[in-house]
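Undergrad: Below is one structure. I have some questions about it.
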Amino acid sequence: MGERGIDVKETSVRNGYVDLLRAAAIVLMVVGHWLITALERAPDGSLAAPELMAIVPWTQWLTLVFQIMPVFFLAGGYAAAGSWSACRAEGGTAAGWIRGRALRLLMPTGAYLVLALSGLLIAAAFRADPVLLRMIGWALAMQFWFLPVYLMISALTPWLYALHRRWGLSAVAVTAVAAVGVDLVVLGVDMEWAGRVGLLNYLLVWTVSYQLGFDWKDGGVTTRPWFGAVLAVGGAAGYAALVEFGPFPVSLVLVTGEEVSNTNPPSLAMLAWLVAQCGLCLLLAPRAERALRSARRSRFVEPLGRVSMTLYLWHMVPVLGAGAAFYLTDLAPEPEVGSGAWWAWRPGWILVLAALFCLLLLALRPVDGLLIRLARRARPQAAITGAWRTLLLTVGLAATVWALAHWAVQGLAWGGSPDWPTALAFGAGAALVGAAATRRAAAETTDMAARAGG
């Protein structure tokens, strides 16, 4: 369930280091989730998931390593700058490019949802415990927060890139200042509307990283080693000061009981650590790019890139499978969460999950092949012309973004059974995105590409 067959004019602008960053971000995120996931048998015999970072507070420091999404947005901005520039050079349309980028996320996500919701439906039909189904539904959707944010930022890329071309790094600075202002409102105004304003930072904070990727791709000042060093040191110092003297917690993920969260919505501290991570990536870029120029060294990155969406979407399924196979049967050791024995069991736990994940990847290969065939029929590179087709695309994107955001908050089975109204909204939205292009639009895209090449 990777992205093969759903490319949108990126093959000509590959960068081995960018691919490595994206792959490393996904792998670290998966390992981080596996590491902190604690399972145990509850007194009533059901499966429970204690919150490690609330029980053992020092583990919140681990999020400085495993909260790696700033790197993914940086790499995504780099790739999008090259893809959108290539699309414009060939006469493509903004709406067509946005549709192609959306399909890269929506098609594998749709396949995941069909199988996940079907599993929940079968479990509900056999009268599984609604509380257990609610927990499973949450685990299956906990990673969804990223998808609506990335879809929205991708949809704004043509305009964000235009601002970058006109203002350069000033566009990054303006976005960062706006994010700071939003967080100050959230912290300083004890009103319900302030919380709604804070939602803007889901876009503003992550767009800072994305826009830095634009400048990196275009060879701006971000390619200078001193610039990366300034960002890395300045961002880390800012994060340390905000945590030490401000109201912000150490953790870069949401922890139960915190009055202030660094990720819900993204805070000043999250912005500072984002700057530090991006700075480190930019500082290491020249040497890493030279090291990965050889085909032999860069070849190991390609398999991870092909299955990146699979890793992202499916990585909690092995956790649920291992919980049922080893904890509900009392086969797994159950030392006290956070104890020395519990940590000693962690490497074995991760190896078990990795083995189960490999089996899952093999089982998903037919689905991967089906997605490739469907992607070709969907014509992700087709241009979109006409106001009503653009409207179809806009409504479809809005519906899918709403559905994914809803699931990210409440899970796939909030009431103890699959959430069908939200599934219907997602399915209808994805269908509208797919229907926004016609065979005629695809033919026009081919003709424009031929003229550009001639």
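Chain lettering (A, B, ...) mirrors the order of the structure tokens, residue numbering begins at 1 for each chain separately, and ligand numbering begins at 1 in order of display.
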Would you please give, as a PyMOL selection string, all residues of range 388-441 of chain A that DSSP assigns to alpha helix (DSSP H) based on the backbone?
TA: chain A and resi 388-410+420-435+439-441
Undergrad: I'd like the neighbourhood of Leu121 in chain A as a tab-separated table (two decimals) with C-alpha atoms, in the first residue's frame, where a residue qualifies if any of its atoms comes within 7 Å (using only C-alpha atoms), though same-chain residues fewer than 4 positions away should be ignored.
TA:
chain	number	residue	atom	x	y	z
A	117	LEU	CA	-14.01	-0.70	9.53
A	125	ALA	CA	-21.62	-8.40	14.99
A	417	SER	CA	-19.36	0.34	16.76
A	418	PRO	CA	-18.08	1.66	13.41
Undergrad: One number please: CA of Arg99 in chain A to CA of Leu274 in chain A, in Å, one decimal.
TA: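 We find that CA of Arg99 in chain A and CA of Leu274 in chain A lie 27.9 Å from each other.
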Undergrad: Would you list the contacts of Thr59 in chain A as a tab-separated table (two decimals) with N, CA and C atoms, in the first residue's frame, taking every protein, DNA or RNA residue within 10 Å and counting only C-alpha atoms, but skipping same-chain residues closer than 3 positions in sequence?
TA:
chain	number	residue	atom	x	y	z
A	36	ILE	N	6.41	3.15	23.47
A	36	ILE	CA	5.66	3.70	24.62
A	36	ILE	C	4.32	3.00	24.83
A	52	LEU	N	1.96	5.34	29.47
A	52	LEU	CA	3.31	5.31	30.01
A	52	LEU	C	3.80	6.69	30.43
A	53	MET	N	3.60	7.70	29.60
A	53	MET	CA	4.17	9.02	29.88
A	53	MET	C	3.48	9.73	31.04
A	54	ALA	N	2.27	9.29	31.39
A	54	ALA	CA	1.61	9.81	32.58
A	54	ALA	C	2.06	9.06	33.82
A	55	ILE	N	2.35	7.77	33.67
A	55	ILE	CA	2.79	6.96	34.80
A	55	ILE	C	4.26	7.18	35.11
A	56	VAL	N	5.08	7.32	34.08
A	56	VAL	CA	6.53	7.50	34.23
A	56	VAL	C	6.90	8.81	33.55
A	62	LEU	N	11.55	11.41	25.83
A	62	LEU	CA	11.74	10.60	24.62
A	62	LEU	C	11.07	11.24	23.41
A	63	THR	N	10.07	12.08	23.63
A	63	THR	CA	9.37	12.69	22.50
A	63	THR	C	10.26	13.66	21.74
A	250	VAL	N	7.37	19.33	28.88
A	250	VAL	CA	8.46	18.74	28.09
A	250	VAL	C	7.91	17.97	26.91
A	251	SER	N	6.85	17.23	27.13
A	251	SER	CA	6.34	16.30	26.12
A	251	SER	C	5.89	17.02	24.86
A	338	GLY	N	6.90	0.51	33.47
A	338	GLY	CA	7.96	1.44	33.82
A	338	GLY	C	9.04	0.85	34.70
Undergrad: If we count only C-alpha atoms and set the cut-off at 10 Å, which residues sit around range 192-197 of chain A, ignoring sequence neighbours fewer than 3 positions away in its own chain? Please answer as a list in words.
TA: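 After dropping sequence-adjacent residues, the list is Val182, Asp183, Leu184, Val185, Val186, Leu187, Gly188, Val189, Leu200, Asn201, Asn264 and Pro265 of chain A.
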Undergrad: Using only C-alpha atoms, which protein or nucleic acid residues come within 12 Å of range 324-330 of chain A? Drop anything in the same chain fewer than 4 positions from it, and give the result as a list of chain:residue names.
TA: A:Ala38, A:Leu39, A:Glu40, A:Arg41, A:Ala42, A:Pro43, A:Asp44, A:Gly45, A:Ser46, A:Leu47, A:Ala48, A:Ala49, A:Leu132, A:Ile136, A:Val317, A:Pro318, A:Val319, A:Leu320, A:Glu334, A:Pro335, A:Trp349, A:Val352, A:Leu353, A:Leu356
Undergrad: List the neighbours of range 390-405 of chain A out to 8 Å using only C-alpha atoms; skip same-chain residues closer than 3 positions along the sequence, and give me the result as a VMD selection string.
TA: chain A and resid 95 99 102 144 to 145 147 to 149 151 to 152 384 to 387 408 to 409 422 to 423 425 to 433 435 to 436
Undergrad: Report the closest atom pair, with its distance in Å rounded to one decimal, for each residue of range 262-287 of chain A that has an atom no farther than 12 Å from range 217-220 of chain A; count only C-alpha atoms, sort by chain and then rising residue number, and write it as a tab-separated table.
TA:
residue	atom	partner	partner_atom	distance
A:Leu282	CA	A:Lys217	CA	11.0
A:Ala285	CA	A:Lys217	CA	11.4
A:Pro286	CA	A:Gly219	CA	11.6
Undergrad: Could you write out that same residue set with all heavy atoms as a compact mmCIF listing (two decimals), in the first residue's frame?
TA:
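selection37.txt written:
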# COMPACT_ATOMS: atom_id res chain seq x y z
N LEU A 282 19.02 20.58 7.84
CA LEU A 282 19.68 21.44 6.85
C LEU A 282 21.18 21.47 7.06
O LEU A 282 21.96 21.51 6.09
CB LEU A 282 19.10 22.85 6.93
CG LEU A 282 17.62 22.98 6.55
CD1 LEU A 282 17.12 24.39 6.85
CD2 LEU A 282 17.40 22.62 5.09
N ALA A 285 22.64 18.35 5.59
CA ALA A 285 22.27 18.08 4.20
C ALA A 285 23.46 17.95 3.24
O ALA A 285 23.51 16.98 2.47
CB ALA A 285 21.30 19.16 3.71
N PRO A 286 24.42 18.88 3.22
CA PRO A 286 25.49 18.76 2.21
C PRO A 286 26.24 17.43 2.27
O PRO A 286 26.43 16.77 1.24
CB PRO A 286 26.40 19.95 2.53
CG PRO A 286 25.51 20.94 3.21
CD PRO A 286 24.57 20.12 4.01
Undergrad: What gap, in Å, lies between CA of Val367 in chain A and CA of Val301 in chain A?
TA: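 Straight-line distance from CA of Val367 in chain A to CA of Val301 in chain A works out to 22.0 Å.
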Undergrad: Could you check how far CA of Ile26 in chain A sits from CA of Ser154 in chain A, in Å to one decimal?
TA: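 CA of Ile26 in chain A sits 18.4 Å away from CA of Ser154 in chain A.
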Undergrad: Pick out the closest residue to Ala179 in chain A from this set: A:Ala24, A:Leu204, A:Leu242, A:Leu113. Count only C-alpha atoms.
TA: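 Of the candidates, the smallest distance to Ala179 in chain A is held by A:Leu204.
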Undergrad: Pick out the residues sitting within 12 Å of Cys281 in chain A, and hand them over as a ChimeraX atom specification; count only C-alpha atoms, and ignore anything fewer than 5 positions along from it in its own chain.
TA: /A:17-18,20-22,24-25,68,70-75,209,212-213,216,222-225,227-232,274-276,286-289
Undergrad: Name the closest residue to Ala81 in chain A among the candidates A:Ala162, A:Ala116, A:Val180, A:Leu412; distances are taken between atoms, counting only C-alpha atoms.
TA: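 With only C-alpha atoms as the atom set, the closest residue is A:Ala162.
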Undergrad: Please identify the strand (DSSP E or B) residues within range 36-76 of chain A (assignment by DSSP from backbone atoms) and present them as a ChimeraX atom specification.
TA: /A:37,40-41,47-48,51
